[in-house]
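Reproduced below: entry08.txt, with compact mmCIF, C-alpha atoms.
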# COMPACT_ATOMS: atom_id res chain seq x y z
CA MET A 1 0.44 -80.58 34.95
CA LYS A 2 0.57 -77.93 37.70
CA PHE A 3 0.42 -80.72 40.29
CA ILE A 4 3.47 -82.33 38.68
CA ASN A 5 5.25 -78.98 38.49
CA LEU A 6 4.70 -78.38 42.21
CA LEU A 7 6.00 -81.84 43.05
CA LEU A 8 9.11 -81.21 40.95
CA PHE A 9 9.53 -77.81 42.59
CA ILE A 10 9.48 -79.34 46.08
CA CYS A 11 11.98 -81.99 44.99
CA ILE A 12 14.25 -79.27 43.57
CA LEU A 13 14.07 -77.35 46.83
CA ALA A 14 14.91 -80.45 48.83
CA SER A 15 18.02 -81.11 46.73
CA ALA A 16 19.12 -77.55 46.00
CA THR A 17 22.09 -77.65 48.32
CA ALA A 18 23.72 -80.30 46.15
CA PHE A 19 24.71 -77.57 43.72
CA GLY A 20 26.93 -75.50 46.00
CA ASP A 21 30.35 -74.32 44.84
CA ASN A 22 33.69 -73.73 46.49
CA THR A 23 32.42 -70.64 48.32
CA THR A 24 31.10 -72.96 51.03
CA LYS A 25 33.10 -73.63 54.18
CA ILE A 26 32.71 -75.97 57.13
CA VAL A 27 32.84 -75.04 60.82
CA ASN A 28 32.90 -77.57 63.64
CA ILE A 29 30.51 -76.95 66.51
CA LYS A 30 29.38 -79.08 69.44
CA GLY A 31 27.80 -82.24 68.07
CA GLY A 32 28.83 -81.86 64.44
CA SER A 33 29.59 -79.34 61.74
CA LEU A 34 27.78 -76.76 59.64
CA GLU A 35 28.23 -75.73 56.02
CA TYR A 36 28.22 -71.97 55.46
CA ILE A 37 29.04 -69.10 53.12
CA ASP A 38 30.66 -65.92 54.49
CA ILE A 39 30.93 -62.95 52.13
CA GLY A 40 31.33 -59.18 52.43
CA ASN A 41 31.87 -56.78 55.30
CA GLY A 42 29.88 -53.96 56.82
CA GLU A 43 28.06 -52.56 59.81
CA PHE A 44 25.55 -55.40 59.93
CA THR A 45 25.80 -59.16 59.56
CA ILE A 46 22.96 -60.55 57.48
CA VAL A 47 22.19 -64.15 58.39
CA ILE A 48 19.95 -66.18 56.08
CA GLU A 49 17.61 -68.97 57.19
CA SER A 50 16.35 -71.04 54.27
CA GLY A 51 13.16 -72.98 53.55
CA VAL A 52 12.45 -76.64 54.24
CA GLY A 53 15.36 -78.82 53.17
CA THR A 54 17.34 -76.00 51.56
CA GLY A 55 20.57 -74.26 52.46
CA THR A 56 23.58 -72.62 50.86
CA GLY A 57 23.00 -74.06 47.39
CA TYR A 58 19.63 -72.36 47.03
CA TRP A 59 21.19 -68.91 47.39
CA GLN A 60 24.09 -69.36 44.97
CA PRO A 61 22.39 -67.39 42.15
CA LEU A 62 22.05 -64.37 44.49
CA LEU A 63 25.65 -64.22 45.74
CA GLY A 64 26.74 -61.61 43.20
CA MET A 65 23.96 -59.25 44.21
CA LEU A 66 24.40 -59.91 47.92
CA ARG A 67 28.05 -58.89 47.60
CA THR A 68 26.93 -55.41 46.49
CA LEU A 69 25.23 -54.71 49.83
CA ASN A 70 28.45 -53.67 51.61
CA GLN A 71 27.38 -55.82 54.55
CA ARG A 72 28.62 -59.15 55.84
CA VAL A 73 26.36 -62.00 54.68
CA ILE A 74 26.23 -65.45 56.27
CA ILE A 75 24.26 -68.24 54.59
CA TYR A 76 24.27 -71.66 56.17
CA SER A 77 22.72 -75.10 55.87
CA ARG A 78 20.89 -76.46 58.89
CA ALA A 79 21.64 -79.95 60.23
CA GLY A 80 21.26 -82.69 57.64
CA ILE A 81 21.26 -80.31 54.68
CA GLY A 82 24.12 -80.01 52.21
CA ARG A 83 27.40 -80.84 53.93
CA SER A 84 26.10 -80.07 57.41
CA THR A 85 26.17 -82.98 59.83
CA ASP A 86 22.89 -84.85 60.15
CA ASN A 87 21.09 -84.64 63.48
CA SER A 88 17.95 -86.35 64.73
CA ASP A 89 16.84 -83.16 66.49
CA VAL A 90 15.92 -80.44 63.98
CA THR A 91 13.46 -78.53 66.16
CA LEU A 92 13.57 -74.74 66.01
CA GLN A 93 15.17 -74.60 69.44
CA SER A 94 18.00 -76.98 68.55
CA SER A 95 18.57 -75.38 65.15
CA ASN A 96 18.76 -71.98 66.82
CA LYS A 97 21.36 -73.26 69.27
CA ARG A 98 23.46 -74.54 66.38
CA LEU A 99 23.16 -71.19 64.61
CA ARG A 100 24.19 -69.42 67.81
CA ALA A 101 27.26 -71.67 67.96
CA LEU A 102 28.07 -70.92 64.31
CA LEU A 103 27.89 -67.16 64.88
CA HIS A 104 30.05 -67.50 68.00
CA ALA A 105 32.63 -69.46 66.00
CA LEU A 106 32.65 -66.67 63.39
CA ASN A 107 33.02 -64.00 66.10
CA ILE A 108 29.63 -62.46 65.35
CA LYS A 109 28.23 -61.03 68.57
CA ASN A 110 25.68 -58.38 67.62
CA ASN A 111 24.24 -56.21 64.82
CA VAL A 112 22.60 -59.23 63.20
CA ILE A 113 19.87 -58.94 60.59
CA LEU A 114 18.02 -62.23 60.18
CA ILE A 115 16.43 -63.17 56.88
CA GLY A 116 13.96 -66.05 56.96
CA HIS A 117 12.47 -67.49 53.78
CA SER A 118 9.44 -69.78 54.06
CA PHE A 119 10.09 -72.28 56.91
CA GLY A 120 13.20 -70.23 57.68
CA GLY A 121 10.88 -67.44 58.78
CA LEU A 122 9.87 -69.50 61.81
CA HIS A 123 13.53 -70.08 62.66
CA ALA A 124 14.27 -66.38 62.32
CA ARG A 125 11.37 -65.36 64.56
CA GLN A 126 12.33 -67.91 67.20
CA TYR A 127 15.97 -66.82 67.16
CA ALA A 128 15.05 -63.13 67.40
CA PHE A 129 12.84 -63.86 70.40
CA THR A 130 15.39 -66.07 72.16
CA PHE A 131 18.49 -63.99 71.45
CA SER A 132 16.96 -60.54 71.21
CA GLU A 133 20.14 -58.78 72.34
CA GLN A 134 21.90 -59.95 69.18
CA VAL A 135 19.26 -59.27 66.53
CA LYS A 136 18.72 -55.75 65.19
CA GLY A 137 16.16 -56.52 62.50
CA LEU A 138 14.14 -59.16 60.65
CA ILE A 139 13.29 -59.74 57.01
CA LEU A 140 10.62 -62.40 56.52
CA LEU A 141 10.27 -63.60 52.93
CA ASP A 142 6.88 -65.29 52.40
CA PRO A 143 7.33 -66.82 55.84
CA SER A 144 5.57 -69.95 57.05
CA HIS A 145 3.07 -69.22 59.81
CA GLU A 146 2.14 -71.58 62.61
CA ALA A 147 -1.60 -70.84 62.25
CA PHE A 148 -1.78 -71.36 58.48
CA LEU A 149 -3.13 -74.91 58.48
CA ALA A 150 -5.71 -74.08 61.16
CA GLU A 151 -6.92 -71.15 59.10
CA LEU A 152 -7.09 -73.25 55.93
CA ASN A 153 -9.15 -75.79 57.87
CA LYS A 154 -11.60 -73.02 58.71
CA LEU A 155 -11.93 -72.18 55.02
CA ASN A 156 -12.74 -75.71 53.92
CA LEU A 157 -11.87 -78.58 56.24
CA GLU A 158 -12.29 -81.39 53.71
CA TRP A 159 -10.25 -79.62 51.02
CA SER A 160 -7.56 -78.55 53.46
CA GLN A 161 -7.12 -81.98 55.05
CA ARG A 162 -7.04 -83.74 51.69
CA ASP A 163 -4.33 -81.40 50.38
CA ASN A 164 -2.27 -81.60 53.55
CA GLN A 165 -2.35 -85.39 53.39
CA GLN A 166 -1.09 -85.18 49.82
CA LEU A 167 1.73 -82.84 50.83
CA ASN A 168 2.67 -85.15 53.69
CA LYS A 169 2.94 -88.06 51.24
CA MET A 170 5.25 -85.96 49.05
CA MET A 171 7.45 -84.80 51.93
CA TYR A 172 7.24 -87.67 54.42
CA GLN A 173 11.00 -88.32 54.42
CA ASN A 174 11.91 -84.73 55.24
CA ALA A 175 12.54 -84.22 58.97
CA GLU A 176 12.01 -80.45 58.77
CA TRP A 177 8.62 -80.94 57.14
CA SER A 178 7.63 -83.06 60.15
CA ILE A 179 8.64 -80.20 62.45
CA LEU A 180 6.49 -77.80 60.44
CA GLN A 181 3.52 -80.14 60.79
CA LYS A 182 4.02 -80.24 64.56
CA LEU A 183 4.07 -76.43 64.64
CA TYR A 184 0.86 -76.38 62.60
CA ALA A 185 -0.70 -78.76 65.12
CA SER A 186 0.22 -76.58 68.10
CA SER A 187 -0.36 -73.26 66.30
CA THR A 188 1.98 -71.54 68.73
CA MET A 189 5.39 -69.89 68.82
CA LEU A 190 7.40 -68.32 71.63
CA ASP A 191 6.65 -64.83 70.30
CA LYS A 192 2.91 -65.66 70.30
CA GLY A 193 2.50 -64.57 66.69
CA LYS A 194 3.71 -61.00 67.17
CA VAL A 195 7.02 -59.54 66.02
CA SER A 196 7.03 -56.24 67.89
CA SER A 197 10.49 -55.82 69.39
CA VAL A 198 12.65 -55.29 66.29
CA PRO A 199 12.34 -53.43 62.98
CA THR A 200 10.86 -55.88 60.49
CA VAL A 201 10.19 -56.14 56.76
CA VAL A 202 7.70 -58.78 55.62
CA VAL A 203 7.42 -59.67 51.94
CA SER A 204 4.34 -61.67 50.88
CA SER A 205 3.52 -63.32 47.58
CA SER A 206 -0.01 -62.74 46.34
CA MET A 207 0.54 -64.52 43.02
CA GLU A 208 -2.36 -66.77 42.13
CA GLY A 209 -2.22 -69.93 40.06
CA GLU A 210 0.98 -71.44 41.46
CA SER A 211 -0.92 -74.71 41.58
CA ASP A 212 -4.46 -75.64 40.61
CA TRP A 213 -5.14 -78.07 43.46
CA TRP A 214 -3.72 -76.85 46.78
CA ILE A 215 -6.06 -74.75 48.90
CA GLY A 216 -3.12 -72.64 50.04
CA HIS A 217 -2.72 -71.37 46.47
CA SER A 218 -6.39 -70.58 46.01
CA LYS A 219 -7.55 -66.97 46.08
CA SER A 220 -8.96 -67.37 49.58
CA GLY A 221 -5.89 -69.31 50.72
CA LYS A 222 -3.61 -66.52 49.53
CA ALA A 223 -5.74 -63.99 51.41
CA VAL A 224 -5.28 -66.01 54.62
CA TRP A 225 -1.52 -66.13 53.95
CA ARG A 226 -1.25 -62.34 53.54
CA ASN A 227 -3.44 -61.64 56.57
CA LEU A 228 -1.32 -63.88 58.80
CA HIS A 229 1.80 -62.08 57.61
CA ALA A 230 0.19 -58.73 58.36
CA SER A 231 -0.80 -59.92 61.82
CA LEU A 232 2.84 -60.63 62.69
CA ILE A 233 3.67 -56.91 62.59
CA ALA A 234 0.28 -55.40 63.45
CA ASP A 235 1.69 -53.96 66.69
CA ASN A 236 5.12 -53.06 65.32
CA PRO A 237 5.48 -49.36 64.40
CA ASN A 238 8.91 -50.07 62.88
CA SER A 239 7.74 -52.44 60.18
CA VAL A 240 6.88 -52.59 56.49
CA HIS A 241 4.69 -55.12 54.69
CA ILE A 242 5.41 -55.56 50.97
CA VAL A 243 2.90 -57.55 48.92
CA SER A 244 3.79 -58.62 45.38
CA ASN A 245 1.69 -60.43 42.78
CA THR A 246 4.69 -60.83 40.45
CA VAL A 247 6.66 -63.32 42.55
CA SER A 248 5.79 -66.80 43.74
CA HIS A 249 6.72 -68.40 47.04
CA ASN A 250 10.07 -68.97 45.36
CA MET A 251 10.65 -65.20 45.48
CA PRO A 252 14.43 -65.16 46.15
CA LEU A 253 14.99 -66.78 42.75
CA ASP A 254 12.01 -65.12 41.03
CA ASP A 255 13.21 -61.59 41.79
CA PRO A 256 16.62 -61.19 43.49
CA ASN A 257 16.25 -57.40 43.15
CA LEU A 258 13.21 -57.52 45.44
CA ILE A 259 15.24 -59.34 48.07
CA VAL A 260 18.17 -56.93 47.86
CA SER A 261 15.89 -53.87 47.96
CA SER A 262 14.12 -55.30 51.03
CA ILE A 263 17.48 -55.66 52.77
CA MET A 264 18.46 -52.11 51.84
CA LEU A 265 15.09 -50.87 53.14
CA LEU A 266 15.65 -52.50 56.53
CA VAL A 267 19.22 -51.23 56.75
CA ASN A 268 17.94 -47.70 56.10
CA MET A 269 15.28 -48.18 58.78
CA LEU A 270 17.98 -49.20 61.26
CA ASP A 271 20.28 -46.33 60.29
CA ASP A 272 17.44 -43.85 60.81
CA LYS A 273 16.70 -45.05 64.36
Could you write out this structure as structure tokens?
Amino acid sequence: MKFINLLLFICILASATAFGDNTTKIVNIKGGSLEYIDIGNGEFTIVIESGVGTGTGYWQPLLGMLRTLNQRVIIYSRAGIGRSTDNSDVTLQSSNKRLRALLHALNIKNNVILIGHSFGGLHARQYAFTFSEQVKGLILLDPSHEAFLAELNKLNLEWSQRDNQQLNKMMYQNAEWSILQKLYASSTMLDKGKVSSVPTVVVSSSMEGESDWWIGHSKSGKAVWRNLHASLIADNPNSVHIVSNTVSHNMPLDDPNLIVSSIMLLVNMLDDK
């Protein structure tokens, strides 16, 4: 049953953007258009990068709480998600360029706080490294890590490979999933696995029992997950690592208060600098 539940969960994530409302807008950029939500005003602009196959629709339940932050919040759907134009190139580099164009179109030049959930964490890290002059802080919500599959292979190669093959069968039509697999294969990012240049908050799920088959949800798999998250900010004195056993990987919907409090924590860190 837990296997079926996980499959349904992935399918829900992949189609979440279908449930957007009239808060979404469209902006034309070079090579297509992007769907986005633009709410609030304040000192900082909070830009949200979503997980694999998800975009504005995923965050709809949080909009009311995000409006209370007294900051500008931008949520967008990457290429091929929601009403954003499809594109054959969904690499981190190309997605980052499209985000840069979106922010330019919205006259957002600096004071950006990037939030990256799951696969969006890789996008956020890459953007912060590439456009460091624009980004003031990072919030990484149970972020994917390029070394995760390699570390799971070290735990139990047969188990890890079997599970990854099963996940690939479930997600084979998703272009972003293919990009994640390529990142797993290379195990490298431009920042070389260290976020040390900007204030950062990392939130990790330590909940066990999300599935009863995937090695990544085993006790040892979760320990690898948390340790990789900790390693991202090991050399960053302006960082906080929050670990929660009450939220799953789906933490933005599990506990919106945790997400809002993490944002407020980072804003306070930036204000105190």
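Considering the residues A:Thr200, A:Thr45, A:Ser50, A:Ser178 and counting all atoms listed in the file, His229 in chain A has its shortest atom-to-atom contact with A:Thr200.
Among A:Gly40, A:Gly32, A:Gly209, A:Gly82, the residue with the shortest atom-to-atom distance to Leu63 in chain A, counting all atoms listed in the file, is A:Gly40.
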Item to check | Residues near Lys30 in chain A, cut-off 12 Å, only C-alpha atoms, skip fewer than 4 positions along chain, as a ChimeraX atom specification | outcome: /A:34,85,87,94,97-102,104-105
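Taking CA of Leu62 in chain A and CA of Pro256 in chain A as endpoints, the distance between them is 6.4 Å.
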Checklist outcome for this item: From the list A:Leu265, A:Met189, A:Ala230, A:Leu140, the nearest residue to Gln93 in chain A using only C-alpha atoms is A:Met189
Where does range 188-230 of chain A meet range 118-132 of chain A within 12 Å, residue by residue, with the nearest atom pair and distance in Å to one decimal for each, counting all atoms listed in the file, listed by chain and rising number, as CSV?
residue,atom,partner,partner_atom,distance
A:Thr188,CA,A:Leu122,CA,10.7
A:Met189,CA,A:Gln126,CA,7.4
A:Leu190,CA,A:Gln126,CA,6.6
A:Asp191,CA,A:Phe129,CA,6.3
A:Lys192,CA,A:Phe129,CA,10.1
A:Gly193,CA,A:Arg125,CA,9.2
A:Lys194,CA,A:Arg125,CA,9.2
A:Val195,CA,A:Arg125,CA,7.4
A:Ser196,CA,A:Phe129,CA,9.9
A:Ser197,CA,A:Ser132,CA,8.2
A:Val198,CA,A:Ala128,CA,8.3
A:Pro199,CA,A:Ala128,CA,11.0
A:Thr200,CA,A:Arg125,CA,10.3
A:Val201,CA,A:Gly121,CA,11.5
A:Val202,CA,A:Gly121,CA,9.8
A:Val203,CA,A:Ser118,CA,10.5
A:Ser204,CA,A:Ser118,CA,10.1
A:Ser205,CA,A:Ser118,CA,10.9
A:Trp225,CA,A:Ser118,CA,11.6
A:His229,CA,A:Gly121,CA,10.6
Please produce an output containing C-alpha atoms for each residue in the selection, written as a tab-separated table (two decimals), in the coordinates of the input.
chain	number	residue	atom	x	y	z
A	188	THR	CA	1.98	-71.54	68.73
A	189	MET	CA	5.39	-69.89	68.82
A	190	LEU	CA	7.40	-68.32	71.63
A	191	ASP	CA	6.65	-64.83	70.30
A	192	LYS	CA	2.91	-65.66	70.30
A	193	GLY	CA	2.50	-64.57	66.69
A	194	LYS	CA	3.71	-61.00	67.17
A	195	VAL	CA	7.02	-59.54	66.02
A	196	SER	CA	7.03	-56.24	67.89
A	197	SER	CA	10.49	-55.82	69.39
A	198	VAL	CA	12.65	-55.29	66.29
A	199	PRO	CA	12.34	-53.43	62.98
A	200	THR	CA	10.86	-55.88	60.49
A	201	VAL	CA	10.19	-56.14	56.76
A	202	VAL	CA	7.70	-58.78	55.62
A	203	VAL	CA	7.42	-59.67	51.94
A	204	SER	CA	4.34	-61.67	50.88
A	205	SER	CA	3.52	-63.32	47.58
A	225	TRP	CA	-1.52	-66.13	53.95
A	229	HIS	CA	1.80	-62.08	57.61
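The spacing separating CA of Leu183 in chain A from CA of Val52 in chain A amounts to 13.4 Å.
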Checklist entry - Do you have the CA of Val73 in chain A-CA of Leu141 in chain A distance handy? => result 16.3 Å
Item to check | Non-local contacts of Val47 in chain A (8 Å; all atoms listed in the file; under 4 positions in same chain excluded) as an MDAnalysis selection string | outcome: chainID A and resid 73:75 112:115
Checklist outcome for this item: Of A:Tyr76, A:Trp59, A:Phe148, A:Phe44, the one nearest to Lys222 in chain A when counting only C-alpha atoms is A:Phe148
Item to check | Distance criterion (all atoms listed in the file): nearest to Asn174 in chain A out of A:Asn111, A:Asn238, A:Ser218, A:Thr54 | outcome: A:Thr54
Can you take the partial range 196-207 of chain A, add all heavy atoms, and return it as a compact mmCIF listing (two decimals), in the coordinates of the input?
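To be explicit, this is the file written out as result-v7.txt:
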# COMPACT_ATOMS: atom_id res chain seq x y z
N SER A 196 7.21 -57.64 67.52
CA SER A 196 7.03 -56.24 67.89
C SER A 196 8.27 -55.59 68.46
O SER A 196 8.29 -54.38 68.68
CB SER A 196 5.89 -56.12 68.91
OG SER A 196 6.14 -56.94 70.03
N SER A 197 9.33 -56.37 68.69
CA SER A 197 10.49 -55.82 69.39
C SER A 197 11.60 -55.34 68.49
O SER A 197 12.50 -54.64 68.94
CB SER A 197 11.05 -56.87 70.36
OG SER A 197 11.45 -58.03 69.65
N VAL A 198 11.57 -55.69 67.20
CA VAL A 198 12.65 -55.29 66.29
C VAL A 198 12.07 -54.77 64.98
O VAL A 198 10.97 -55.20 64.57
CB VAL A 198 13.60 -56.47 65.99
CG1 VAL A 198 14.35 -56.90 67.23
CG2 VAL A 198 12.86 -57.64 65.36
N PRO A 199 12.77 -53.86 64.32
CA PRO A 199 12.34 -53.43 62.98
C PRO A 199 12.23 -54.64 62.05
O PRO A 199 13.10 -55.50 62.03
CB PRO A 199 13.45 -52.48 62.54
CG PRO A 199 14.01 -51.95 63.82
CD PRO A 199 13.95 -53.10 64.78
N THR A 200 11.14 -54.69 61.29
CA THR A 200 10.86 -55.88 60.49
C THR A 200 10.30 -55.51 59.13
O THR A 200 9.47 -54.61 59.00
CB THR A 200 9.83 -56.78 61.21
OG1 THR A 200 10.35 -57.15 62.50
CG2 THR A 200 9.53 -58.04 60.41
N VAL A 201 10.77 -56.23 58.10
CA VAL A 201 10.19 -56.14 56.76
C VAL A 201 9.62 -57.51 56.42
O VAL A 201 10.33 -58.52 56.50
CB VAL A 201 11.23 -55.72 55.71
CG1 VAL A 201 10.64 -55.79 54.30
CG2 VAL A 201 11.73 -54.31 55.99
N VAL A 202 8.35 -57.54 56.06
CA VAL A 202 7.70 -58.78 55.62
C VAL A 202 7.38 -58.65 54.14
O VAL A 202 6.81 -57.63 53.72
CB VAL A 202 6.42 -59.07 56.41
CG1 VAL A 202 5.75 -60.35 55.92
CG2 VAL A 202 6.70 -59.16 57.91
N VAL A 203 7.74 -59.65 53.36
CA VAL A 203 7.42 -59.67 51.94
C VAL A 203 6.51 -60.86 51.67
O VAL A 203 6.89 -62.00 51.94
CB VAL A 203 8.69 -59.75 51.06
CG1 VAL A 203 8.31 -59.58 49.59
CG2 VAL A 203 9.71 -58.69 51.47
N SER A 204 5.32 -60.61 51.13
CA SER A 204 4.34 -61.67 50.88
C SER A 204 4.08 -61.81 49.39
O SER A 204 3.97 -60.82 48.66
CB SER A 204 3.01 -61.34 51.57
OG SER A 204 3.18 -61.18 52.95
N SER A 205 3.94 -63.05 48.95
CA SER A 205 3.52 -63.32 47.58
C SER A 205 2.00 -63.38 47.53
O SER A 205 1.37 -64.08 48.32
CB SER A 205 4.10 -64.65 47.10
OG SER A 205 3.45 -65.07 45.91
N SER A 206 1.43 -62.64 46.57
CA SER A 206 -0.01 -62.74 46.34
C SER A 206 -0.31 -63.32 44.97
O SER A 206 -1.43 -63.25 44.48
CB SER A 206 -0.67 -61.36 46.48
OG SER A 206 -0.20 -60.48 45.47
N MET A 207 0.73 -63.91 44.33
CA MET A 207 0.54 -64.52 43.02
C MET A 207 -0.44 -65.68 43.10
O MET A 207 -0.34 -66.54 43.97
CB MET A 207 1.88 -65.02 42.48
CG MET A 207 1.78 -65.73 41.13
SD MET A 207 3.38 -66.41 40.56
CE MET A 207 4.20 -64.91 40.06
